[in-house]
Amino acid sequence: MKLKGTIRRSDLEGGQWILVSEDGEQYQLGGSLGTAKDGMSAEVEGKIDKSAMSFGMMGAQFTVDKITAL
């Protein structure tokens, strides 16, 4: 699955990476985030993990396999 949007960093609970997609949905990011920067426009590839839970509760968990800056 591919999503486009803006990557944001939240300091909640030690830090969370969030993608605000082009359609306004929020996804809490996990996985391969080595190139992520706050405010970065990006396309992320990966999958939604509907069984995952977190303290951040910033949106559905999205496990990132690849990030491409736009």
# chains A, B, ... in the order shown; residues from 1 in each chain; ligands from 1
$ residues_around --residues "segment 31-40 of chain A" --least-positions-apart "6" --cutoff "7 Å" --atoms "only C-alpha atoms" --output "list of chain:residue names"
A:Thr6, A:Ile7, A:Arg8, A:Arg9, A:Thr63, A:Val64, A:Asp65, A:Lys66
$ write_last_selection --atoms "N, CA and C atoms" --output "PDB file, in the first residue's frame"
ATOM      1  N   THR A   6       2.227  14.339   4.540  1.00  0.00           N
ATOM      2  CA  THR A   6       3.264  15.056   5.273  1.00  0.00           C
ATOM      3  C   THR A   6       3.601  14.290   6.540  1.00  0.00           C
ATOM      4  N   ILE A   7       4.890  14.079   6.746  1.00  0.00           N
ATOM      5  CA  ILE A   7       5.346  13.392   7.955  1.00  0.00           C
ATOM      6  C   ILE A   7       5.500  14.420   9.062  1.00  0.00           C
ATOM      7  N   ARG A   8       4.983  14.090  10.234  1.00  0.00           N
ATOM      8  CA  ARG A   8       5.058  14.960  11.410  1.00  0.00           C
ATOM      9  C   ARG A   8       5.662  14.183  12.571  1.00  0.00           C
ATOM     10  N   ARG A   9       6.338  14.881  13.451  1.00  0.00           N
ATOM     11  CA  ARG A   9       6.914  14.293  14.655  1.00  0.00           C
ATOM     12  C   ARG A   9       6.162  14.835  15.853  1.00  0.00           C
ATOM     13  N   THR A  63       3.029   0.238   9.178  1.00  0.00           N
ATOM     14  CA  THR A  63       4.403  -0.252   9.172  1.00  0.00           C
ATOM     15  C   THR A  63       5.055   0.107   7.844  1.00  0.00           C
ATOM     16  N   VAL A  64       6.072   0.958   7.907  1.00  0.00           N
ATOM     17  CA  VAL A  64       6.724   1.490   6.717  1.00  0.00           C
ATOM     18  C   VAL A  64       7.831   0.547   6.239  1.00  0.00           C
ATOM     19  N   ASP A  65       7.802   0.255   4.939  1.00  0.00           N
ATOM     20  CA  ASP A  65       8.884  -0.492   4.297  1.00  0.00           C
ATOM     21  C   ASP A  65       9.828   0.451   3.568  1.00  0.00           C
ATOM     22  N   LYS A  66       9.270   1.573   3.035  1.00  0.00           N
ATOM     23  CA  LYS A  66      10.080   2.507   2.238  1.00  0.00           C
ATOM     24  C   LYS A  66       9.481   3.899   2.304  1.00  0.00           C
TER      25      LYS A  66
END
$ residues_around --residues "segment 13-19 of chain A" --least-positions-apart "3" --cutoff "9 Å" --atoms "only C-alpha atoms" --output "PDB file with C-alpha atoms, in the first residue's frame"
ATOM      1  CA  LEU A   3       0.236   6.717   0.934  1.00  0.00           C
ATOM      2  CA  LYS A   4       1.231  10.318   0.187  1.00  0.00           C
ATOM      3  CA  GLY A   5       1.239  13.104   2.720  1.00  0.00           C
ATOM      4  CA  THR A   6       3.264  15.056   5.273  1.00  0.00           C
ATOM      5  CA  ILE A   7       5.346  13.392   7.955  1.00  0.00           C
ATOM      6  CA  ARG A   8       5.058  14.960  11.410  1.00  0.00           C
ATOM      7  CA  ARG A   9       6.914  14.293  14.655  1.00  0.00           C
ATOM      8  CA  SER A  10       5.020  14.304  17.950  1.00  0.00           C
ATOM      9  CA  GLU A  25      -6.281  10.777   7.595  1.00  0.00           C
ATOM     10  CA  GLN A  26      -3.565  10.264  10.234  1.00  0.00           C
ATOM     11  CA  TYR A  27      -1.391   7.173  10.520  1.00  0.00           C
ATOM     12  CA  GLN A  28       1.098   6.415  13.267  1.00  0.00           C
ATOM     13  CA  LEU A  29       4.288   5.223  11.584  1.00  0.00           C
ATOM     14  CA  GLY A  30       6.609   2.400  12.547  1.00  0.00           C
ATOM     15  CA  LEU A  33      11.887   5.488   9.251  1.00  0.00           C
ATOM     16  CA  ALA A  36      11.942  10.689   8.033  1.00  0.00           C
ATOM     17  CA  ASP A  38       9.349  16.566  10.487  1.00  0.00           C
ATOM     18  CA  ALA A  42       6.638  11.916   1.260  1.00  0.00           C
ATOM     19  CA  VAL A  44       5.373   5.819   2.178  1.00  0.00           C
ATOM     20  CA  PHE A  55       0.162   4.680  23.681  1.00  0.00           C
ATOM     21  CA  GLY A  56       0.275   7.437  21.069  1.00  0.00           C
ATOM     22  CA  MET A  58      -2.457   9.099  16.762  1.00  0.00           C
ATOM     23  CA  GLY A  59      -4.170   6.973  14.113  1.00  0.00           C
ATOM     24  CA  PHE A  62       1.259   1.871   9.486  1.00  0.00           C
TER      25      PHE A  62
END
$ select_by_dssp --residues "chain A" --states "strand (DSSP E)" --output "ChimeraX atom specification"
/A:2-10,16-21,26-31,41-48,60-69
$ atom_distance --atom1 "atom CA of Lys47 of chain A" --atom2 "atom CA of Gln61 of chain A"
8.5 Å
$ decode --residues "chain A" --atoms "C-alpha atoms" --output "short mmCIF file (atom, residue, chain, number, x, y, z; two decimals), in the first residue's frame"
data_model
loop_
_atom_site.label_atom_id
_atom_site.label_comp_id
_atom_site.auth_asym_id
_atom_site.auth_seq_id
_atom_site.Cartn_x
_atom_site.Cartn_y
_atom_site.Cartn_z
CA MET A 1 0.00 0.00 0.00
CA LYS A 2 1.24 3.51 -0.82
CA LEU A 3 0.24 6.72 0.93
CA LYS A 4 1.23 10.32 0.19
CA GLY A 5 1.24 13.10 2.72
CA THR A 6 3.26 15.06 5.27
CA ILE A 7 5.35 13.39 7.95
CA ARG A 8 5.06 14.96 11.41
CA ARG A 9 6.91 14.29 14.66
CA SER A 10 5.02 14.30 17.95
CA ASP A 11 6.79 14.32 21.33
CA LEU A 12 3.93 12.37 22.95
CA GLU A 13 5.09 9.34 24.96
CA GLY A 14 8.75 9.67 24.00
CA GLY A 15 8.10 10.51 20.36
CA GLN A 16 5.83 9.34 17.57
CA TRP A 17 6.08 9.67 13.79
CA ILE A 18 2.79 10.46 12.06
CA LEU A 19 1.76 10.70 8.43
CA VAL A 20 -1.04 13.14 7.65
CA SER A 21 -2.25 11.83 4.31
CA GLU A 22 -3.47 13.94 1.38
CA ASP A 23 -7.08 13.07 2.32
CA GLY A 24 -6.58 14.21 5.95
CA GLU A 25 -6.28 10.78 7.60
CA GLN A 26 -3.57 10.26 10.23
CA TYR A 27 -1.39 7.17 10.52
CA GLN A 28 1.10 6.41 13.27
CA LEU A 29 4.29 5.22 11.58
CA GLY A 30 6.61 2.40 12.55
CA GLY A 31 9.19 0.31 10.73
CA SER A 32 11.88 1.76 8.42
CA LEU A 33 11.89 5.49 9.25
CA GLY A 34 15.58 6.29 8.79
CA THR A 35 15.04 9.21 6.37
CA ALA A 36 11.94 10.69 8.03
CA LYS A 37 12.02 14.41 8.89
CA ASP A 38 9.35 16.57 10.49
CA GLY A 39 7.41 18.46 7.80
CA MET A 40 8.67 16.26 4.97
CA SER A 41 6.34 15.60 2.02
CA ALA A 42 6.64 11.92 1.26
CA GLU A 43 5.22 8.76 -0.22
CA VAL A 44 5.37 5.82 2.18
CA GLU A 45 5.04 2.17 1.22
CA GLY A 46 3.99 -0.48 3.70
CA LYS A 47 0.89 -1.86 5.34
CA ILE A 48 -1.69 -1.01 7.97
CA ASP A 49 -1.47 -3.23 11.05
CA LYS A 50 -5.03 -3.36 12.38
CA SER A 51 -4.04 -5.56 15.33
CA ALA A 52 -1.36 -3.14 16.67
CA MET A 53 -1.93 -0.83 19.62
CA SER A 54 0.17 2.02 21.01
CA PHE A 55 0.16 4.68 23.68
CA GLY A 56 0.28 7.44 21.07
CA MET A 57 -3.19 6.71 19.64
CA MET A 58 -2.46 9.10 16.76
CA GLY A 59 -4.17 6.97 14.11
CA ALA A 60 -3.97 3.54 12.57
CA GLN A 61 -0.56 1.84 12.83
CA PHE A 62 1.26 1.87 9.49
CA THR A 63 4.40 -0.25 9.17
CA VAL A 64 6.72 1.49 6.72
CA ASP A 65 8.88 -0.49 4.30
CA LYS A 66 10.08 2.51 2.24
CA ILE A 67 9.95 6.32 2.34
CA THR A 68 10.37 8.45 -0.77
CA ALA A 69 10.69 12.23 -0.42
CA LEU A 70 8.46 14.23 -2.76
#
